[in-house]
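Asker: The structure file work37.tsv (TSV, C-alpha atoms) is provided below.
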chain	number	residue	atom	x	y	z
A	1	MET	CA	0.00	0.00	0.00
A	2	LYS	CA	1.15	3.50	-0.76
A	3	ARG	CA	1.91	5.94	2.00
A	4	ASN	CA	-0.62	8.75	2.12
A	5	GLN	CA	-0.39	12.34	3.18
A	6	GLN	CA	-1.34	12.94	6.77
A	7	THR	CA	-4.69	14.62	7.34
A	8	PRO	CA	-5.70	16.64	10.38
A	9	ASP	CA	-8.96	14.65	10.75
A	10	SER	CA	-7.49	11.19	11.22
A	11	GLY	CA	-4.04	12.06	12.35
A	12	CYS	CA	-2.77	9.33	10.03
A	13	ASP	CA	-1.66	9.35	6.40
A	14	ARG	CA	-3.15	5.95	5.46
A	15	GLN	CA	-6.67	7.10	4.63
A	16	THR	CA	-6.80	5.46	1.15
A	17	ASP	CA	-5.48	2.22	2.67
A	18	LEU	CA	-8.29	2.51	5.18
A	19	MET	CA	-10.82	2.72	2.32
A	20	THR	CA	-9.27	-0.30	0.56
A	21	TYR	CA	-9.46	-2.31	3.78
A	22	LEU	CA	-12.97	-1.08	4.69
A	23	TYR	CA	-14.39	-2.23	1.34
A	24	ASP	CA	-12.43	-5.48	1.30
A	25	GLU	CA	-10.44	-4.75	-1.84
A	26	ALA	CA	-7.01	-5.22	-0.27
A	27	SER	CA	-4.77	-8.08	-1.33
A	28	PRO	CA	-3.82	-10.56	1.45
A	29	ALA	CA	-0.45	-8.85	1.84
A	30	GLU	CA	-2.04	-5.38	2.00
A	31	ARG	CA	-4.61	-6.67	4.42
A	32	GLY	CA	-1.98	-8.09	6.74
A	33	SER	CA	0.04	-4.89	6.57
A	34	PHE	CA	-2.93	-2.69	7.42
A	35	GLU	CA	-4.10	-4.94	10.25
A	36	ARG	CA	-0.66	-4.60	11.82
A	37	HIS	CA	-1.01	-0.84	11.40
A	38	LEU	CA	-4.40	-0.89	13.11
A	39	ASP	CA	-2.81	-2.51	16.16
A	40	GLU	CA	-0.51	0.48	16.44
A	41	CYS	CA	-2.67	3.39	15.14
A	42	HIS	CA	-5.47	4.33	17.50
A	43	ALA	CA	-6.87	7.03	15.12
A	44	CYS	CA	-7.26	4.58	12.21
A	45	SER	CA	-8.78	1.96	14.46
A	46	ILE	CA	-11.43	4.42	15.76
A	47	GLU	CA	-12.13	5.73	12.25
A	48	LEU	CA	-12.52	2.22	10.86
A	49	LYS	CA	-15.18	1.35	13.46
A	50	ALA	CA	-16.98	4.66	12.83
A	51	PHE	CA	-17.06	4.05	9.08
A	52	GLN	CA	-18.31	0.49	9.62
A	53	ARG	CA	-21.24	1.94	11.62
A	54	VAL	CA	-21.93	4.45	8.84
A	55	ARG	CA	-22.03	1.59	6.36
A	56	GLN	CA	-24.51	-0.30	8.54
A	57	GLU	CA	-26.71	2.79	8.67
A	58	LEU	CA	-26.52	3.28	4.90
A	59	ASP	CA	-27.66	-0.31	4.44
A	60	VAL	CA	-31.11	0.58	5.79
A	61	TRP	CA	-32.02	2.45	2.59
A	62	GLN	CA	-32.90	-0.36	0.23
A	63	LEU	CA	-35.12	-0.04	-2.83
A	64	GLY	CA	-37.61	-2.45	-4.27
A	65	LEU	CA	-37.57	-3.19	-7.98
A	66	MET	CA	-38.69	-0.30	-10.09
A	67	PRO	CA	-41.68	-0.86	-12.39
A	68	ARG	CA	-40.42	-2.33	-15.63
A	69	MET	CA	-39.43	0.22	-18.18
A	70	ALA	CA	-39.77	-0.32	-21.89
A	71	ILE	CA	-37.95	1.58	-24.56
A	72	ALA	CA	-40.12	1.86	-27.66
A	73	VAL	CA	-37.84	2.28	-30.62
A	74	ASN	CA	-39.30	3.36	-33.93
A	75	ARG	CA	-37.38	1.32	-36.42
A	76	SER	CA	-36.51	2.84	-39.75
A	77	ALA	CA	-37.12	0.87	-42.95
A	78	LEU	CA	-33.35	0.49	-43.22
A	79	ASP	CA	-33.14	-1.00	-39.71
A	80	ALA	CA	-35.94	-3.42	-40.55
A	81	LEU	CA	-34.11	-4.47	-43.74
A	82	ARG	CA	-30.87	-4.87	-41.76
A	83	GLU	CA	-32.63	-7.05	-39.20
A	84	LEU	CA	-34.22	-9.15	-41.93
A	85	VAL	CA	-30.88	-9.68	-43.68
A	86	SER	CA	-29.16	-10.56	-40.38
A	87	PHE	CA	-31.69	-13.34	-39.74
A	88	LEU	CA	-31.64	-14.84	-43.21
A	89	PRO	CA	-29.23	-17.51	-44.44
A	90	ILE	CA	-26.43	-16.30	-46.72
A	91	TRP	CA	-28.09	-17.43	-49.95
A	92	VAL	CA	-31.32	-15.65	-49.04
A	93	SER	CA	-29.33	-12.61	-48.04
A	94	GLY	CA	-27.78	-12.72	-51.50
A	95	THR	CA	-31.25	-12.76	-53.00
A	96	THR	CA	-32.21	-9.81	-50.85
A	97	ILE	CA	-29.12	-7.95	-52.03
A	98	ALA	CA	-30.13	-8.80	-55.62
A	99	THR	CA	-33.55	-7.36	-54.87
A	100	ALA	CA	-31.90	-4.22	-53.51
A	101	ALA	CA	-29.83	-4.07	-56.71
A	102	ALA	CA	-33.05	-4.36	-58.72
A	103	ALA	CA	-34.43	-1.45	-56.69
A	104	LEU	CA	-31.34	0.58	-57.64
A	105	ILE	CA	-31.95	-0.26	-61.29
A	106	LEU	CA	-35.51	0.98	-60.90
A	107	VAL	CA	-34.17	4.26	-59.56
A	108	ALA	CA	-31.78	4.49	-62.50
A	109	LEU	CA	-34.67	3.83	-64.89
A	110	SER	CA	-36.67	6.58	-63.27
A	111	LEU	CA	-33.78	8.98	-63.79
A	112	ALA	CA	-33.56	7.85	-67.41
A	113	GLY	CA	-37.15	8.83	-68.04
A	114	THR	CA	-39.01	5.76	-66.87
A	115	ARG	CA	-41.96	6.50	-64.62
A	116	ILE	CA	-42.08	4.51	-61.34
A	117	ASP	CA	-45.20	4.54	-59.18
A	118	TRP	CA	-45.35	2.90	-55.71
A	119	ARG	CA	-48.80	2.08	-54.50
A	120	GLN	CA	-50.11	-0.67	-52.19
A	121	GLY	CA	-47.22	-3.03	-52.61
A	122	THR	CA	-46.97	-2.75	-56.38
A	123	VAL	CA	-44.51	-0.97	-58.56
A	124	SER	CA	-45.75	0.46	-61.85
A	125	LEU	CA	-43.25	1.00	-64.63
A	126	GLY	CA	-43.62	2.87	-67.87
A	127	THR	CA	-41.97	5.48	-70.02
A	128	ARG	CA	-43.38	8.94	-69.57
A	129	GLY	CA	-46.53	9.49	-71.60
A	130	ARG	CA	-47.33	5.80	-71.94
A	131	ALA	CA	-49.64	3.60	-69.98
A	132	ALA	CA	-47.81	1.79	-67.15
A	133	GLN	CA	-47.57	-1.96	-66.65
A	134	SER	CA	-47.80	-3.27	-63.12
A	135	VAL	CA	-45.23	-5.58	-61.57
A	136	ASP	CA	-45.72	-7.08	-58.12
A	137	ALA	CA	-42.93	-5.66	-55.92
A	138	GLY	CA	-43.12	-8.58	-53.53
A	139	SER	CA	-42.16	-11.16	-56.16
A	140	VAL	CA	-39.45	-9.52	-58.16
A	141	GLN	CA	-37.47	-12.75	-58.43
A	142	LEU	CA	-40.47	-14.73	-59.73
A	143	THR	CA	-41.44	-12.12	-62.29
A	144	ARG	CA	-38.16	-12.67	-64.09
A	145	ALA	CA	-39.37	-16.12	-65.16
A	146	GLU	CA	-42.84	-14.75	-65.64
A	147	ILE	CA	-41.55	-11.95	-67.82
A	148	GLU	CA	-39.64	-14.45	-69.99
A	149	THR	CA	-42.83	-16.49	-70.39
A	150	MET	CA	-44.78	-13.37	-71.21
A	151	ILE	CA	-42.24	-12.37	-73.85
A	152	ALA	CA	-42.33	-15.88	-75.40
A	153	GLU	CA	-46.13	-15.76	-75.44
A	154	ARG	CA	-46.09	-12.33	-77.02
A	155	VAL	CA	-43.59	-13.49	-79.68
A	156	ALA	CA	-45.71	-16.57	-80.45
A	157	ALA	CA	-48.86	-14.46	-80.64
A	158	SER	CA	-47.05	-12.03	-82.87
A	159	ARG	CA	-46.01	-14.87	-85.22
A	160	VAL	CA	-49.61	-16.09	-85.52
A	161	ASP	CA	-50.76	-12.57	-86.27
A	162	ASP	CA	-48.08	-12.14	-88.93
A	163	GLU	CA	-48.97	-15.41	-90.65
A	164	ARG	CA	-52.65	-14.55	-90.63
A	165	ARG	CA	-51.95	-11.12	-92.06
A	166	GLN	CA	-49.68	-12.59	-94.76
A	167	ALA	CA	-52.39	-15.08	-95.80
A	168	GLU	CA	-54.93	-12.28	-95.93
A	169	MET	CA	-52.60	-10.21	-98.07
A	170	ARG	CA	-51.91	-13.14	-100.40
A	171	ALA	CA	-55.66	-13.66	-100.83
A	172	GLN	CA	-56.13	-9.99	-101.52
A	173	ILE	CA	-53.31	-10.00	-104.09
A	174	SER	CA	-54.82	-13.07	-105.77
A	175	ASN	CA	-58.22	-11.41	-105.87
A	176	LEU	CA	-56.73	-8.24	-107.28
A	177	SER	CA	-54.87	-10.26	-109.94
A	178	LEU	CA	-58.11	-11.92	-110.94
A	179	GLN	CA	-59.85	-8.57	-111.11
A	180	LEU	CA	-56.95	-7.23	-113.16
A	181	ALA	CA	-57.18	-10.16	-115.58
A	182	THR	CA	-60.90	-9.61	-115.97
A	183	ALA	CA	-60.32	-5.92	-116.51
A	184	SER	CA	-57.67	-6.73	-119.17
A	185	GLN	CA	-60.09	-8.99	-121.01
A	186	SER	CA	-62.74	-6.27	-120.90
A	187	GLN	CA	-60.20	-3.79	-122.19
A	188	THR	CA	-59.33	-6.09	-125.10
A	189	LYS	CA	-62.99	-6.53	-125.96
A	190	LEU	CA	-63.53	-2.80	-125.77
A	191	ALA	CA	-60.51	-2.16	-127.94
A	192	SER	CA	-61.81	-4.64	-130.49
A	193	SER	CA	-65.24	-3.07	-130.42
A	194	LEU	CA	-63.67	0.34	-130.86
A	195	VAL	CA	-61.75	-0.86	-133.93
A	196	THR	CA	-64.97	-2.29	-135.38
A	197	LEU	CA	-66.85	0.87	-134.66
A	198	ARG	CA	-64.12	2.95	-136.26
A	199	ALA	CA	-64.21	0.75	-139.35
A	200	GLU	CA	-67.98	1.00	-139.53
A	201	HIS	CA	-67.68	4.73	-138.96
A	202	ARG	CA	-65.17	5.03	-141.81
A	203	ALA	CA	-67.36	2.93	-144.03
A	204	LEU	CA	-70.36	5.01	-143.26
A	205	VAL	CA	-68.44	8.21	-143.84
A	206	ALA	CA	-67.18	6.90	-147.16
A	207	LYS	CA	-70.65	5.81	-148.15
A	208	GLY	CA	-72.05	9.16	-147.13
A	209	GLN	CA	-69.42	11.00	-149.11
A	210	SER	CA	-70.15	8.89	-152.19
A	211	THR	CA	-73.86	9.45	-151.90
A	212	LEU	CA	-73.35	13.16	-151.43
A	213	GLY	CA	-71.06	13.27	-154.46
A	214	GLU	CA	-73.55	11.49	-156.56
A	215	TRP	CA	-76.29	13.84	-155.35
A	216	LEU	CA	-74.12	16.84	-156.02
A	217	PHE	CA	-73.21	15.56	-159.46
A	218	ALA	CA	-76.80	14.90	-160.15
A	219	SER	CA	-77.80	18.32	-158.91
A	220	ASN	CA	-75.12	20.01	-161.03
A	221	GLY	CA	-76.37	18.15	-164.15
A	222	VAL	CA	-79.91	19.38	-163.58
A	223	GLU	CA	-78.75	22.96	-163.17
A	224	ASN	CA	-76.63	22.73	-166.34
A	225	GLU	CA	-79.58	21.46	-168.29
A	226	LYS	CA	-81.69	24.30	-166.92
A	227	GLU	CA	-79.06	26.84	-167.95
A	228	LYS	CA	-79.00	25.38	-171.36
B	1	MET	CA	-27.35	-18.98	-22.05
B	2	ASP	CA	-27.38	-15.24	-21.32
B	3	LEU	CA	-25.69	-13.11	-23.91
B	4	SER	CA	-23.02	-10.69	-22.76
B	5	ASP	CA	-23.63	-6.95	-23.01
B	6	ASP	CA	-21.21	-6.74	-25.94
B	7	GLN	CA	-23.01	-9.54	-27.80
B	8	ILE	CA	-26.36	-7.81	-27.33
B	9	ILE	CA	-24.85	-4.55	-28.56
B	10	GLU	CA	-23.55	-6.32	-31.67
B	11	ARG	CA	-27.04	-7.70	-32.37
B	12	THR	CA	-28.63	-4.31	-31.81
B	13	LEU	CA	-26.17	-2.64	-34.16
B	14	ALA	CA	-26.83	-5.35	-36.73
B	15	GLY	CA	-30.44	-4.18	-36.81
B	16	GLU	CA	-32.04	-6.38	-34.13
B	17	THR	CA	-33.24	-3.34	-32.19
B	18	GLU	CA	-35.48	-5.36	-29.88
B	19	ALA	CA	-32.32	-6.91	-28.39
B	20	PHE	CA	-31.61	-3.57	-26.75
B	21	ASN	CA	-34.55	-4.14	-24.41
B	22	THR	CA	-32.55	-7.03	-22.92
B	23	LEU	CA	-29.93	-4.48	-21.89
B	24	VAL	CA	-32.66	-2.22	-20.53
B	25	ARG	CA	-34.06	-5.03	-18.37
B	26	ARG	CA	-30.57	-5.96	-17.20
B	27	TRP	CA	-29.51	-2.46	-16.16
B	28	GLU	CA	-32.69	-0.51	-15.42
B	29	ASN	CA	-32.69	-1.21	-11.67
B	30	PRO	CA	-29.04	-0.25	-11.04
B	31	ILE	CA	-29.45	2.91	-13.14
B	32	TYR	CA	-32.74	3.76	-11.43
B	33	GLY	CA	-31.20	3.15	-7.98
B	34	LEU	CA	-28.23	5.39	-8.78
B	35	SER	CA	-30.51	8.14	-10.11
B	36	LEU	CA	-32.92	7.99	-7.16
B	37	ARG	CA	-30.14	8.16	-4.59
B	38	MET	CA	-28.48	10.99	-6.46
B	39	LEU	CA	-31.64	13.05	-7.04
B	40	GLY	CA	-33.89	12.04	-4.13
B	41	CYS	CA	-37.03	12.10	-6.28
B	42	ASP	CA	-38.71	9.06	-7.77
B	43	GLN	CA	-40.13	10.83	-10.82
B	44	ASP	CA	-36.82	12.55	-11.62
B	45	ALA	CA	-35.06	9.20	-11.24
B	46	ARG	CA	-37.46	7.54	-13.69
B	47	ASP	CA	-36.99	10.38	-16.16
B	48	VAL	CA	-33.20	10.13	-15.91
B	49	CYS	CA	-33.42	6.37	-16.31
B	50	GLN	CA	-35.41	6.73	-19.53
B	51	GLU	CA	-33.16	9.51	-20.83
B	52	THR	CA	-30.12	7.36	-20.12
B	53	PHE	CA	-31.32	4.35	-22.10
B	54	LEU	CA	-32.58	6.47	-24.99
B	55	ALA	CA	-29.25	8.31	-25.15
B	56	ALA	CA	-27.40	5.00	-24.99
B	57	PHE	CA	-29.51	3.59	-27.82
B	58	ARG	CA	-29.07	6.66	-30.01
B	59	ASN	CA	-25.31	6.74	-29.43
B	60	LEU	CA	-24.69	3.00	-29.40
B	61	ARG	CA	-22.48	3.23	-32.51
B	62	LYS	CA	-20.21	5.64	-30.60
B	63	PHE	CA	-19.65	3.03	-27.88
B	64	ARG	CA	-16.29	1.57	-28.83
B	65	GLY	CA	-16.08	-1.17	-26.23
B	66	GLU	CA	-12.93	0.27	-24.66
B	67	ALA	CA	-14.80	0.53	-21.34
B	68	LYS	CA	-17.54	-1.76	-20.05
B	69	PHE	CA	-21.01	-1.00	-21.35
B	70	SER	CA	-22.25	-0.61	-17.76
B	71	SER	CA	-19.54	2.00	-17.06
B	72	TRP	CA	-20.61	3.92	-20.15
B	73	LEU	CA	-24.25	3.67	-19.05
B	74	TYR	CA	-23.48	4.85	-15.50
B	75	ARG	CA	-21.56	7.81	-16.93
B	76	ILE	CA	-24.53	8.83	-19.08
B	77	ALA	CA	-26.85	8.53	-16.08
B	78	LEU	CA	-24.55	10.54	-13.81
B	79	ASN	CA	-24.25	13.29	-16.43
B	80	ALA	CA	-28.05	13.43	-16.65
B	81	CYS	CA	-28.28	13.58	-12.83
B	82	HIS	CA	-25.74	16.40	-12.63
B	83	SER	CA	-27.62	18.34	-15.35
B	84	ARG	CA	-30.81	18.10	-13.30
B	85	LEU	CA	-29.07	19.03	-10.07
B	86	ARG	CA	-27.54	22.10	-11.72
B	87	ARG	CA	-31.01	23.14	-12.93
B	88	GLN	CA	-32.33	22.78	-9.38
B	89	ASP	CA	-30.37	24.54	-6.65
B	90	GLY	CA	-26.72	24.22	-7.37
B	91	GLY	CA	-26.22	20.54	-6.70
B	92	ALA	CA	-28.43	19.71	-3.74
B	93	ALA	CA	-30.93	16.93	-4.21
B	94	ARG	CA	-34.64	17.69	-4.23
B	95	SER	CA	-36.40	18.05	-0.88
B	96	LEU	CA	-37.22	14.78	0.79
B	97	ASP	CA	-40.58	16.15	1.86
B	98	HIS	CA	-41.44	16.53	-1.80
B	99	GLU	CA	-40.11	13.04	-2.43
B	100	ASP	CA	-42.26	11.61	0.34
B	101	GLU	CA	-45.36	13.12	-1.21
B	102	ASP	CA	-44.64	11.93	-4.74
B	103	GLY	CA	-42.28	9.10	-4.08
B	104	ARG	CA	-42.29	5.40	-3.51
B	105	THR	CA	-45.03	4.35	-1.12
B	106	SER	CA	-43.35	0.96	-0.63
B	107	ASP	CA	-40.85	2.68	1.65
B	108	LEU	CA	-43.61	3.83	3.99
B	109	PRO	CA	-44.48	1.67	7.03
B	110	ASP	CA	-47.64	-0.40	7.19
B	111	VAL	CA	-48.96	0.61	10.61
B	112	SER	CA	-51.59	-2.15	10.65
B	113	SER	CA	-49.02	-4.94	10.81
B	114	GLU	CA	-47.70	-6.47	14.05
B	115	ASP	CA	-44.20	-5.14	13.60
B	116	ALA	CA	-45.46	-1.59	12.98
B	117	ARG	CA	-43.13	-0.11	15.59
B	118	GLU	CA	-40.11	-1.75	13.98
B	119	ARG	CA	-41.20	-0.53	10.55
B	120	ILE	CA	-41.70	3.02	11.78
B	121	GLU	CA	-38.23	2.99	13.31
B	122	ARG	CA	-36.80	1.65	10.07
B	123	HIS	CA	-38.58	4.35	8.10
B	124	GLN	CA	-37.16	7.04	10.42
B	125	ARG	CA	-33.64	5.64	10.05
B	126	THR	CA	-34.07	5.53	6.28
B	127	THR	CA	-35.24	9.13	6.23
B	128	ILE	CA	-32.19	10.19	8.25
B	129	VAL	CA	-29.84	8.38	5.89
B	130	ARG	CA	-31.53	9.87	2.83
B	131	ARG	CA	-31.40	13.38	4.23
B	132	ALA	CA	-27.77	12.96	5.32
B	133	LEU	CA	-26.74	11.62	1.91
B	134	GLN	CA	-28.59	14.29	0.00
B	135	GLY	CA	-26.96	17.01	2.05
B	136	LEU	CA	-23.53	15.96	0.73
B	137	PRO	CA	-21.92	17.61	-2.29
B	138	ALA	CA	-22.88	15.67	-5.45
B	139	GLU	CA	-19.22	14.82	-6.15
B	140	MET	CA	-18.96	12.88	-2.87
B	141	ARG	CA	-22.50	11.55	-2.90
B	142	GLN	CA	-22.02	9.84	-6.26
B	143	VAL	CA	-18.92	7.99	-5.03
B	144	ILE	CA	-20.66	6.78	-1.88
B	145	VAL	CA	-23.75	5.69	-3.84
B	146	MET	CA	-21.70	3.79	-6.42
B	147	LYS	CA	-19.59	2.08	-3.74
B	148	GLU	CA	-22.24	1.34	-1.12
B	149	TYR	CA	-25.35	0.64	-3.20
B	150	GLU	CA	-24.10	-0.24	-6.68
B	151	GLU	CA	-21.23	-2.24	-5.15
B	152	LEU	CA	-18.77	-1.16	-7.81
B	153	THR	CA	-15.05	-1.58	-7.33
B	154	PHE	CA	-12.75	1.39	-6.95
B	155	ALA	CA	-11.39	0.68	-10.45
B	156	GLU	CA	-14.89	0.64	-11.94
B	157	ILE	CA	-15.81	3.94	-10.26
B	158	ALA	CA	-12.54	5.43	-11.50
B	159	GLU	CA	-13.38	4.27	-15.03
B	160	ILE	CA	-16.88	5.76	-14.86
B	161	LEU	CA	-15.72	9.10	-13.48
B	162	GLN	CA	-12.49	9.02	-15.50
B	163	ILE	CA	-10.39	9.94	-12.48
B	164	PRO	CA	-7.54	8.06	-10.72
B	165	VAL	CA	-8.41	5.31	-8.26
B	166	SER	CA	-6.61	7.24	-5.50
B	167	THR	CA	-8.93	10.21	-6.12
B	168	VAL	CA	-11.94	7.91	-5.79
B	169	LYS	CA	-10.67	6.67	-2.44
B	170	SER	CA	-9.94	10.19	-1.22
B	171	ARG	CA	-13.42	11.41	-2.21
B	172	LEU	CA	-14.98	8.38	-0.53
B	173	TYR	CA	-12.98	8.96	2.64
B	174	THR	CA	-13.97	12.63	2.81
B	175	GLY	CA	-17.58	11.78	1.92
B	176	LEU	CA	-17.81	9.16	4.67
B	177	GLN	CA	-16.34	11.58	7.20
B	178	GLN	CA	-18.92	14.24	6.30
B	179	LEU	CA	-21.71	11.68	6.28
B	180	ARG	CA	-20.69	10.40	9.70
B	181	ALA	CA	-20.80	13.93	11.07
B	182	ARG	CA	-24.21	14.60	9.49
B	183	LEU	CA	-25.68	11.36	10.79
B	184	GLU	CA	-24.46	12.08	14.34
B	185	HIS	CA	-25.90	15.58	14.13
B	186	MET	CA	-29.29	14.38	12.83
B	187	ARG	CA	-29.56	11.62	15.42
B	188	GLY	CA	-28.78	14.17	18.12
B	189	SER	CA	-31.46	16.55	16.90
B	190	LEU	CA	-34.23	13.90	16.97
Starting from the file, lay out its structure as structure tokens.

Answerer:
Amino acid sequence: MKRNQQTPDSGCDRQTDLMTYLYDEASPAERGSFERHLDECHACSIELKAFQRVRQELDVWQLGLMPRMAIAVNRSALDALRELVSFLPIWVSGTTIATAAAALILVALSLAGTRIDWRQGTVSLGTRGRAAQSVDAGSVQLTRAEIETMIAERVAASRVDDERRQAEMRAQISNLSLQLATASQSQTKLASSLVTLRAEHRALVAKGQSTLGEWLFASNGVENEKEK
Amino acid sequence: MDLSDDQIIERTLAGETEAFNTLVRRWENPIYGLSLRMLGCDQDARDVCQETFLAAFRNLRKFRGEAKFSSWLYRIALNACHSRLRRQDGGAARSLDHEDEDGRTSDLPDVSSEDARERIERHQRTTIVRRALQGLPAEMRQVIVMKEYEELTFAEIAEILQIPVSTVKSRLYTGLQQLRARLEHMRGSL
């Protein structure tokens, strides 16, 4: 034990040793040393007994248990996510991280002009100005397979539509060809009729001219006779 | 198996915030006892207790584990007690009369029981001790409370107050001397 400065109250400089001994924190060697000191130091011996009485008096003030206190902590969404991840196995945690990555992609899409709407557990995606398509936010991993199926279905449906449209177009072309052939035949007939009509017209004109000539000749002969 | 304080802190920091309530249940009575004996008022002690745990929760990431969690918690509680004492009348604890009106009825004697006389005597002795303790300067009172009622070692008290062990012993010695004088005076005036 260290030597202490003497104080006027105790008349001894071993006050800290007295505290160590009083509260039973002295090592066996320190304890032995201080007990030998007590045999010689009347002031320390009196003070030790006085402090032991004070301790007995202090002991009277004991408390019952206080009513149980509860700390209500409002957890943030981030805390809740942290807690969830901490409970999950590693592979599920990986999935959760993938989901978080998907969420980051959604944010990036929104910045790139894709509209994102959150409402009642669903996320709606769509470019600005277009109608949105809903994706269930709670099953992002499942929708990947679902989206692939949807794309395959759309491609298959698109193929059927194309084939149907091609058949319809072929039928229309065939019909138009038939109509064109019919029109060509009609045109040929018309052309032939026109040629015939022209020939008849020429014939008639020629006949008319001949008849007129004859009439004029005849008329001139009558006039000549009259002049004579 | 009970988890250690450090293990519970790790879980809390990992996001399992409900784990912190285990620490609250473990330490609420020591912190409440310290606060009540420092302040002398049940309601103030409860308030300090709640403030202490909320402050600990909010600052849990700042707790580096260099000291024991309980030491850190005691330090927060003592700082809260000293703040309240400064707001009151320069360090003295609240009046015991006020405490008796608002305080813990479990400390009052049940006069209908057979050992009523003994209980009344015990209540009087308790009142003397409480008054004597609360008349001490807060610096000495806190050391006596931590040593006598919280049963902390000198090293633990030194860690909480961040002072040398020898200073703890000196303050305790001086505090006990003053307390002894006060108790003798109060007994004589009865």

Asker: Taking 6 positions as the minimum chain separation for residues in the same chain, which residues sit within 12 Å of Lys68 (chain B) when counting only C-alpha atoms? Answer as a list in words.

Answerer: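 Everything that qualifies: Ser4, Asp5, Asp6, Ile9, Tyr74, Arg75, Ala155, Glu156, Ile157, Glu159 and Ile160 of chain B.
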
Asker: Residues of chain B within 9 Å of chain A, counting only C-alpha atoms, what are they? List them as a PyMOL selection string.

Answerer: chain B and resi 11-12+14-18+20-21+24-25+28-29+32-33+46+49-50+53-54+57+106-107+122-123+125-127+129-130+133+147-149+153-154+166-170+172-173+176-177+179-180+183

Asker: Let me see the file: selected residues, C-alpha atoms, as a PDB file, in the coordinates of the input.

Answerer:
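Saved result, selection34.pdb, follows:
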ATOM      1  CA  ARG B  11     -27.040  -7.700 -32.370  1.00  0.00           C
ATOM      2  CA  THR B  12     -28.630  -4.310 -31.810  1.00  0.00           C
ATOM      3  CA  ALA B  14     -26.830  -5.350 -36.730  1.00  0.00           C
ATOM      4  CA  GLY B  15     -30.440  -4.180 -36.810  1.00  0.00           C
ATOM      5  CA  GLU B  16     -32.040  -6.380 -34.130  1.00  0.00           C
ATOM      6  CA  THR B  17     -33.240  -3.340 -32.190  1.00  0.00           C
ATOM      7  CA  GLU B  18     -35.480  -5.360 -29.880  1.00  0.00           C
ATOM      8  CA  PHE B  20     -31.610  -3.570 -26.750  1.00  0.00           C
ATOM      9  CA  ASN B  21     -34.550  -4.140 -24.410  1.00  0.00           C
ATOM     10  CA  VAL B  24     -32.660  -2.220 -20.530  1.00  0.00           C
ATOM     11  CA  ARG B  25     -34.060  -5.030 -18.370  1.00  0.00           C
ATOM     12  CA  GLU B  28     -32.690  -0.510 -15.420  1.00  0.00           C
ATOM     13  CA  ASN B  29     -32.690  -1.210 -11.670  1.00  0.00           C
ATOM     14  CA  TYR B  32     -32.740   3.760 -11.430  1.00  0.00           C
ATOM     15  CA  GLY B  33     -31.200   3.150  -7.980  1.00  0.00           C
ATOM     16  CA  ARG B  46     -37.460   7.540 -13.690  1.00  0.00           C
ATOM     17  CA  CYS B  49     -33.420   6.370 -16.310  1.00  0.00           C
ATOM     18  CA  GLN B  50     -35.410   6.730 -19.530  1.00  0.00           C
ATOM     19  CA  PHE B  53     -31.320   4.350 -22.100  1.00  0.00           C
ATOM     20  CA  LEU B  54     -32.580   6.470 -24.990  1.00  0.00           C
ATOM     21  CA  PHE B  57     -29.510   3.590 -27.820  1.00  0.00           C
ATOM     22  CA  SER B 106     -43.350   0.960  -0.630  1.00  0.00           C
ATOM     23  CA  ASP B 107     -40.850   2.680   1.650  1.00  0.00           C
ATOM     24  CA  ARG B 122     -36.800   1.650  10.070  1.00  0.00           C
ATOM     25  CA  HIS B 123     -38.580   4.350   8.100  1.00  0.00           C
ATOM     26  CA  ARG B 125     -33.640   5.640  10.050  1.00  0.00           C
ATOM     27  CA  THR B 126     -34.070   5.530   6.280  1.00  0.00           C
ATOM     28  CA  THR B 127     -35.240   9.130   6.230  1.00  0.00           C
ATOM     29  CA  VAL B 129     -29.840   8.380   5.890  1.00  0.00           C
ATOM     30  CA  ARG B 130     -31.530   9.870   2.830  1.00  0.00           C
ATOM     31  CA  LEU B 133     -26.740  11.620   1.910  1.00  0.00           C
ATOM     32  CA  LYS B 147     -19.590   2.080  -3.740  1.00  0.00           C
ATOM     33  CA  GLU B 148     -22.240   1.340  -1.120  1.00  0.00           C
ATOM     34  CA  TYR B 149     -25.350   0.640  -3.200  1.00  0.00           C
ATOM     35  CA  THR B 153     -15.050  -1.580  -7.330  1.00  0.00           C
ATOM     36  CA  PHE B 154     -12.750   1.390  -6.950  1.00  0.00           C
ATOM     37  CA  SER B 166      -6.610   7.240  -5.500  1.00  0.00           C
ATOM     38  CA  THR B 167      -8.930  10.210  -6.120  1.00  0.00           C
ATOM     39  CA  VAL B 168     -11.940   7.910  -5.790  1.00  0.00           C
ATOM     40  CA  LYS B 169     -10.670   6.670  -2.440  1.00  0.00           C
ATOM     41  CA  SER B 170      -9.940  10.190  -1.220  1.00  0.00           C
ATOM     42  CA  LEU B 172     -14.980   8.380  -0.530  1.00  0.00           C
ATOM     43  CA  TYR B 173     -12.980   8.960   2.640  1.00  0.00           C
ATOM     44  CA  LEU B 176     -17.810   9.160   4.670  1.00  0.00           C
ATOM     45  CA  GLN B 177     -16.340  11.580   7.200  1.00  0.00           C
ATOM     46  CA  LEU B 179     -21.710  11.680   6.280  1.00  0.00           C
ATOM     47  CA  ARG B 180     -20.690  10.400   9.700  1.00  0.00           C
ATOM     48  CA  LEU B 183     -25.680  11.360  10.790  1.00  0.00           C
TER      49      LEU B 183
END

Asker: Give me, please, the distance in Å between CA of Leu23 (chain B) and CA of Ile8 (chain B), quoted to one decimal.

Answerer: 7.3 Å

Asker: Have a look at CA of Ile163 (chain B) and CA of Asp47 (chain B) and let me know their distance in Å, one decimal.

Answerer: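 It comes out at 26.9 Å.
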
Asker: What does region 157-161 of chain A look like written to a file with C-alpha atoms, as a tab-separated table (two decimals), in the first residue's frame?

Answerer:
chain	number	residue	atom	x	y	z
A	157	ALA	CA	-48.86	-14.46	-80.64
A	158	SER	CA	-47.05	-12.03	-82.87
A	159	ARG	CA	-46.01	-14.87	-85.22
A	160	VAL	CA	-49.61	-16.09	-85.52
A	161	ASP	CA	-50.76	-12.57	-86.27
